[in-house]
Each structure stands twice: as C-alpha cells, then as structure tokens.
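target10.txt, holding compact mmCIF, C-alpha atoms:
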```txt
# COMPACT_ATOMS: atom_id res chain seq x y z
CA ALA A 19 -96.51 50.03 22.80
CA GLN A 20 -93.91 50.15 25.52
CA LYS A 21 -94.57 52.29 28.54
CA VAL A 22 -93.39 52.75 32.09
CA THR A 23 -95.73 54.12 34.74
CA GLN A 24 -94.61 55.49 38.06
CA ALA A 25 -97.89 56.54 39.58
CA GLN A 26 -96.35 58.15 42.65
CA THR A 27 -95.23 61.64 41.74
CA GLU A 28 -93.92 62.58 45.16
CA ILE A 29 -93.46 60.71 48.41
CA SER A 30 -92.46 62.19 51.72
CA VAL A 31 -91.35 60.06 54.65
CA VAL A 32 -89.61 60.53 57.94
CA GLU A 33 -86.16 59.09 58.39
CA LYS A 34 -86.06 55.38 59.27
CA GLU A 35 -89.39 54.69 57.64
CA ASP A 36 -89.58 52.08 54.92
CA VAL A 37 -90.79 53.28 51.53
CA THR A 38 -91.78 51.49 48.34
CA LEU A 39 -91.63 53.09 44.93
CA ASP A 40 -93.94 51.52 42.39
CA CYS A 41 -93.16 50.81 38.75
CA VAL A 42 -95.51 49.21 36.24
CA TYR A 43 -94.41 48.56 32.68
CA GLU A 44 -95.98 47.59 29.38
CA THR A 45 -94.25 45.71 26.62
CA ARG A 46 -95.10 43.16 23.97
CA ASP A 47 -91.65 41.67 24.00
CA THR A 48 -90.77 38.55 25.93
CA THR A 49 -87.19 39.67 26.37
CA TYR A 50 -86.52 43.03 27.94
CA TYR A 51 -84.58 44.79 30.68
CA LEU A 52 -85.74 46.89 33.58
CA PHE A 53 -83.68 49.50 35.37
CA TRP A 54 -83.84 51.77 38.37
CA TYR A 55 -81.87 55.01 38.57
CA LYS A 56 -81.46 57.60 41.26
CA GLN A 57 -81.13 61.26 40.31
CA PRO A 58 -79.94 63.52 43.12
CA PRO A 59 -80.29 67.30 42.81
CA SER A 60 -76.94 67.47 41.05
CA GLY A 61 -78.60 65.88 38.04
CA GLU A 62 -76.46 62.88 37.26
CA LEU A 63 -78.11 59.49 36.93
CA VAL A 64 -76.93 56.91 39.43
CA PHE A 65 -77.46 53.32 38.36
CA LEU A 66 -79.14 51.14 40.98
CA ILE A 67 -80.17 47.89 39.33
CA ARG A 68 -80.72 46.13 36.02
CA ARG A 69 -82.95 43.08 35.69
CA ASN A 70 -83.72 40.98 32.65
CA SER A 71 -87.14 39.56 31.97
CA PHE A 72 -86.06 35.99 32.61
CA ASP A 73 -84.80 36.65 36.09
CA GLU A 74 -87.67 37.09 38.50
CA GLN A 75 -85.64 36.63 41.61
CA ASN A 76 -86.00 39.45 44.05
CA GLU A 77 -82.81 41.26 44.90
CA ILE A 78 -81.52 42.89 48.02
CA SER A 79 -78.59 45.26 48.22
CA GLY A 80 -78.10 46.72 51.64
CA ARG A 81 -81.15 48.81 52.45
CA TYR A 82 -82.44 48.49 48.89
CA SER A 83 -84.60 45.68 47.58
CA TRP A 84 -86.48 45.06 44.38
CA ASN A 85 -89.59 42.97 43.73
CA PHE A 86 -90.02 41.90 40.11
CA GLN A 87 -93.35 40.30 39.24
CA LYS A 88 -93.99 39.53 35.60
CA SER A 89 -97.56 38.46 36.36
CA THR A 90 -98.41 42.05 37.28
CA SER A 91 -95.75 43.71 35.10
CA SER A 92 -94.30 45.42 38.12
CA PHE A 93 -90.79 46.12 39.31
CA ASN A 94 -91.12 47.83 42.67
CA PHE A 95 -88.28 49.31 44.70
CA THR A 96 -88.19 49.38 48.48
CA ILE A 97 -85.86 51.38 50.68
CA THR A 98 -85.67 50.09 54.23
CA ALA A 99 -84.91 52.46 57.08
CA SER A 100 -84.76 55.46 54.80
CA GLN A 101 -82.15 58.16 55.30
CA VAL A 102 -81.99 61.82 54.37
CA VAL A 103 -79.37 60.97 51.73
CA ASP A 104 -82.00 58.87 49.95
CA SER A 105 -83.82 62.07 48.97
CA ALA A 106 -83.79 62.18 45.18
CA VAL A 107 -85.86 61.49 42.12
CA TYR A 108 -86.02 57.80 41.25
CA PHE A 109 -86.64 56.61 37.71
CA CYS A 110 -87.75 53.22 36.52
CA ALA A 111 -86.88 52.42 32.90
CA LEU A 112 -87.52 49.72 30.31
CA SER A 113 -85.38 48.54 27.44
CA GLU A 114 -86.69 46.24 24.77
CA GLY A 115 -85.88 45.45 21.18
CA MET A 116 -86.91 42.90 18.67
CA ASN A 117 -83.41 42.25 17.45
CA TYR A 118 -81.42 42.44 20.61
CA GLY A 119 -83.90 41.61 23.32
CA GLY A 120 -83.48 44.97 24.94
CA SER A 121 -79.75 44.68 25.38
CA GLN A 122 -78.76 47.50 23.07
CA GLY A 123 -81.62 49.90 22.53
CA ASN A 124 -82.58 53.10 24.23
CA LEU A 125 -84.33 53.23 27.58
CA ILE A 126 -87.92 54.29 28.09
CA PHE A 127 -88.29 56.12 31.36
CA GLY A 128 -91.15 56.55 33.73
CA LYS A 129 -91.96 60.05 34.94
CA GLY A 130 -90.04 59.51 38.13
CA THR A 131 -90.91 59.60 41.81
CA LYS A 132 -89.51 62.37 43.96
CA LEU A 133 -88.66 61.01 47.37
CA SER A 134 -88.14 63.37 50.27
CA VAL A 135 -86.81 61.93 53.49
CA LYS A 136 -87.13 64.28 56.43
CA PRO A 137 -84.99 64.01 59.55
CA SER B 4 -68.07 49.66 32.94
CA ALA B 5 -68.13 52.36 30.32
CA VAL B 6 -66.95 55.84 31.11
CA ILE B 7 -68.57 58.71 29.30
CA SER B 8 -67.09 62.16 29.49
CA GLN B 9 -69.69 64.78 28.69
CA LYS B 10 -69.06 68.47 28.46
CA PRO B 11 -69.83 71.14 29.22
CA SER B 12 -71.43 70.20 32.53
CA ARG B 13 -73.48 73.38 32.50
CA ASP B 14 -73.87 76.56 30.53
CA ILE B 15 -75.93 79.69 30.44
CA CYS B 16 -76.61 80.84 26.91
CA GLN B 17 -78.31 83.73 25.21
CA ARG B 18 -81.42 83.05 23.19
CA GLY B 19 -80.79 82.71 19.50
CA THR B 20 -77.34 81.18 19.95
CA SER B 21 -76.26 77.56 19.64
CA LEU B 22 -74.49 75.21 22.02
CA THR B 23 -72.62 72.05 21.13
CA ILE B 24 -72.43 69.27 23.70
CA GLN B 25 -69.73 66.64 23.41
CA CYS B 26 -69.62 63.06 24.60
CA GLN B 27 -66.52 60.92 24.59
CA VAL B 28 -66.77 57.22 25.40
CA ASP B 29 -63.82 55.20 26.65
CA SER B 30 -64.36 52.44 24.10
CA GLN B 31 -66.09 51.86 20.80
CA VAL B 32 -69.86 51.60 20.74
CA THR B 33 -72.26 51.20 17.86
CA MET B 34 -75.06 53.41 19.05
CA MET B 35 -75.10 56.53 21.15
CA PHE B 36 -78.28 58.01 22.50
CA TRP B 37 -79.15 61.60 23.31
CA TYR B 38 -81.82 62.44 25.87
CA ARG B 39 -83.42 65.64 27.07
CA GLN B 40 -84.78 66.17 30.55
CA GLN B 41 -86.87 69.30 30.89
CA PRO B 42 -87.20 70.78 34.37
CA GLY B 43 -89.13 68.47 36.65
CA GLN B 44 -89.73 66.00 33.86
CA SER B 45 -88.53 62.58 32.82
CA LEU B 46 -85.90 61.75 30.24
CA THR B 47 -87.02 61.79 26.62
CA LEU B 48 -85.02 60.32 23.77
CA ILE B 49 -84.00 62.92 21.21
CA ALA B 50 -82.16 60.73 18.75
CA THR B 51 -79.99 57.69 18.21
CA ALA B 52 -76.61 58.28 16.61
CA ASN B 53 -74.90 55.56 14.61
CA GLN B 54 -71.44 56.01 13.25
CA GLY B 55 -71.38 56.51 9.50
CA SER B 56 -75.05 57.29 9.08
CA GLU B 57 -77.49 60.04 9.88
CA ALA B 58 -78.99 60.09 13.32
CA THR B 59 -82.50 58.79 13.80
CA TYR B 60 -84.73 61.36 15.46
CA GLU B 61 -87.74 60.73 17.64
CA SER B 62 -91.08 62.34 17.03
CA GLY B 63 -90.99 65.99 17.98
CA PHE B 64 -87.26 66.42 17.39
CA VAL B 65 -85.77 67.59 14.11
CA ILE B 66 -82.28 67.67 12.71
CA ASP B 67 -82.29 71.42 12.07
CA LYS B 68 -82.86 72.09 15.74
CA PHE B 69 -80.70 69.27 17.16
CA PRO B 70 -77.99 68.38 14.65
CA ILE B 71 -75.89 65.43 15.73
CA SER B 72 -72.47 64.35 14.60
CA ARG B 73 -70.94 60.90 15.03
CA PRO B 74 -67.51 61.00 13.41
CA ASN B 75 -66.24 57.80 15.01
CA LEU B 76 -67.23 55.02 17.36
CA THR B 77 -66.21 56.82 20.55
CA PHE B 78 -67.45 60.36 20.04
CA SER B 79 -70.63 62.28 19.35
CA THR B 80 -71.89 65.83 19.56
CA LEU B 81 -75.36 67.28 19.94
CA THR B 82 -75.97 70.89 19.00
CA VAL B 83 -78.93 72.81 20.35
CA SER B 84 -79.55 75.44 17.71
CA ASN B 85 -81.23 78.83 17.81
CA MET B 86 -81.96 78.39 21.47
CA SER B 87 -84.99 79.69 23.30
CA PRO B 88 -85.80 79.54 27.03
CA GLU B 89 -87.87 76.42 26.31
CA ASP B 90 -84.63 74.59 25.52
CA SER B 91 -83.49 74.97 29.12
CA SER B 92 -83.01 71.35 30.15
CA ILE B 93 -80.50 68.74 31.12
CA TYR B 94 -79.11 66.95 28.08
CA LEU B 95 -77.57 63.50 28.52
CA CYS B 96 -75.77 61.11 26.25
CA SER B 97 -75.89 57.38 26.82
CA VAL B 98 -74.45 54.13 25.52
CA ARG B 99 -75.24 50.48 26.04
CA ARG B 100 -72.68 47.81 26.71
CA ASN B 101 -73.27 44.24 27.77
CA THR B 102 -76.92 45.08 28.46
CA GLU B 103 -75.94 47.85 30.84
CA ALA B 104 -76.83 51.46 30.15
CA PHE B 105 -74.31 54.19 30.90
CA PHE B 106 -74.96 57.90 31.02
CA GLY B 107 -72.81 60.97 30.81
CA GLN B 108 -72.85 63.41 33.68
CA GLY B 109 -75.34 65.60 31.85
CA THR B 110 -75.24 69.16 30.55
CA ARG B 111 -77.45 71.55 32.44
CA LEU B 112 -78.43 74.24 29.94
CA THR B 113 -80.10 77.51 30.87
CA VAL B 114 -81.22 79.82 28.09
CA VAL B 115 -81.80 83.44 29.02
```
Could you render the structure from this file as structure tokens?
Amino acid sequence: AQKVTQAQTEISVVEKEDVTLDCVYETRDTTYYLFWYKQPPSGELVFLIRRNSFDEQNEISGRYSWNFQKSTSSFNFTITASQVVDSAVYFCALSEGMNYGGSQGNLIFGKGTKLSVKP
Amino acid sequence: SAVISQKPSRDICQRGTSLTIQCQVDSQVTMMFWYRQQPGQSLTLIATANQGSEATYESGFVIDKFPISRPNLTFSTLTVSNMSPEDSSIYLCSVRRNTEAFFGQGTRLTVV
C-alpha cells in the first residue's frame, strides 16, 4: 500500500542554519510522482516541487534543494541558510496510479513537519 | 497553471447546520478531489468527484455527511452536513493537470 512518512514532527532551528526535512515513501508502482508543499499559518498550500519516479536528478532552487533516492525511497528537502519566513508546515506527498502513472490521481500526504525558524 | 477559486475562505457555523463549499476551476478537468485537514493534522482525501457520475468516497466518509455535486467539468461543491465541532477543519479542493496538482485556497471551517 502507498504511504508517505515524515518522521520529524517538529523542527526548530535558528536563522541561517541549514535544515533537512525527511520524507520516505512506499509504493508498488514503478511510475509515480512526489511533491513537496509548504503550508504557512494562513492555510493555503504552496507548491514547491514535483518529481517523477524516472528523474532522480537532485534539484536546487535558490536556498531549496531536494535529494531523491529511489534506492532508499526517500525524497528529502533541504533549506540552506534558513530564514524566519521559512517557518511553516511542510508536506511531502505521493501520487501513483496504475492507469496514469500517478499523473492524474489524488495525492497521499505525509503527516507534515512543522519548521520553526527563530531569529 | 490551473486556477481554482474556492469559497468561502472561512466560516463560523452553528452545530447542526450545513455549509456548502464551492470550487470553480479555470478550465475543464475530469476529476476533482476534496480533502479535509483537521487541526494540526495532514490532508486526508474525502472523495473524488467525476462529472456525470456519483462521487467516490474514501473509507470513513459517507455521502450523507459530505454530499458532493459535480454539474460540469469546471465546478464542484462539497456540503458538510449536520455539522458538529469535530467537523472544524480546513477543506480543500484539488485538480490535476499535466501531472501537476493544484489546490484551492481552502475553506477554514469552525463549528461552534
């Protein structure tokens, strides 16, 4: 069965520290998609990244980077030089589907990691 | 990118009443998804709404409590019926397009 595990419930860091949010997933499918979202206190979901199962290249976007390793079923998210504005709940999610390879189905979310960045 | 307009953005309702949440998408989509996020929790899928057929509900969610309408390919509603304080949550609609997943702004519901 599909599952997303974010073992870190809460993380607290001081501004400018680097922080890594872990995500481990389970799926039987060979084709699937992984996502990261940020949810600030206002409640809306802010899309950060989407990665398909055939693309294991790591990605960097400004202070954000993602490490996708199929061998360990992990899709970890690192924030470099964290800032107070990074404080939010971060969700990792998985999409799979026999017919569409995860391109059209619903997302399965991890429980989220609450990141607090203190000045 | 898809734009989803969801409303209301928030509401405070009396127990025993019902609230209907609307989602309008800027283009046609086959499936629309409704999620619930209870306070401090993750997002849980309530149901998948296809146009022209009954919604498919996930375990733990029933049509009498969460009736869904899908009259066309750009619009859907979710009703939270006979509300109790336990229904206080954020409700979000979502669509997929070109492998991306788009979410409405969410409806923050408080039941008193």
Pull out every residue of chain A sitting within 6 Å of chain B, counting all atoms listed in the file, and send them as a list in words. Glu62, Ser121, Gln122 and Lys129 of chain A
How about saving the chosen residues, C-alpha atoms kept, as a PDB file, in the frame of the given file?
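Written output follows (part10.pdb):
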```pdb
ATOM      1  CA  GLU A  62     -76.460  62.880  37.260  1.00  0.00           C
ATOM      2  CA  SER A 121     -79.750  44.680  25.380  1.00  0.00           C
ATOM      3  CA  GLN A 122     -78.760  47.500  23.070  1.00  0.00           C
ATOM      4  CA  LYS A 129     -91.960  60.050  34.940  1.00  0.00           C
TER       5      LYS A 129
END
```
Between CA of Ala111 in chain A and CA of Asp14 in chain B, what distance in Å does the model show, to one decimal? 27.5 Å
Within 7 Å of Phe109 in chain A, counting all atoms listed in the file, which residues show up once you throw out same-chain ones fewer than 4 positions away? Write them as a CSV table (one decimal) with C-alpha atoms, in the frame of the given file, please.
```csv
chain,number,residue,atom,x,y,z
A,54,TRP,CA,-83.8,51.8,38.4
A,55,TYR,CA,-81.9,55.0,38.6
A,56,LYS,CA,-81.5,57.6,41.3
A,127,PHE,CA,-88.3,56.1,31.4
A,128,GLY,CA,-91.2,56.6,33.7
A,129,LYS,CA,-92.0,60.0,34.9
A,130,GLY,CA,-90.0,59.5,38.1
A,131,THR,CA,-90.9,59.6,41.8
```
With only C-alpha atoms counted, which protein, DNA or RNA residues have an atom no more than 12 Å from (-87.4, 34.4, 35.9) in the file frame? Please answer as a VMD selection string. chain A and resid 48 to 51 69 to 76 85 to 89
Could you write out as JSON the box around range 39-52 of chain B (axis-aligned, all atoms listed in the file, 5 Å on each side), with centre and edge lengths in Å to one decimal?
```
{"center_x": -83.2, "center_y": 64.2, "center_z": 26.6, "size_x": 23.1, "size_y": 23.1, "size_z": 30.0}
```
Write out as a short mmCIF file (atom, residue, chain, number, x, y, z; two decimals) with C-alpha atoms, in the frame of the given file each polymer residue whose atoms come within 10 Å of Pro137 in chain A, counting only C-alpha atoms; drop sequence neighbours fewer than 5 positions from it.
```cif
data_model
loop_
_atom_site.label_atom_id
_atom_site.label_comp_id
_atom_site.auth_asym_id
_atom_site.auth_seq_id
_atom_site.Cartn_x
_atom_site.Cartn_y
_atom_site.Cartn_z
CA VAL A 31 -91.35 60.06 54.65
CA VAL A 32 -89.61 60.53 57.94
CA GLU A 33 -86.16 59.09 58.39
CA LYS A 34 -86.06 55.38 59.27
CA SER A 100 -84.76 55.46 54.80
CA GLN A 101 -82.15 58.16 55.30
CA VAL A 102 -81.99 61.82 54.37
#
```
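Atom to atom, CA of Phe95 in chain A and CA of Tyr43 in chain A stand 13.5 Å apart.
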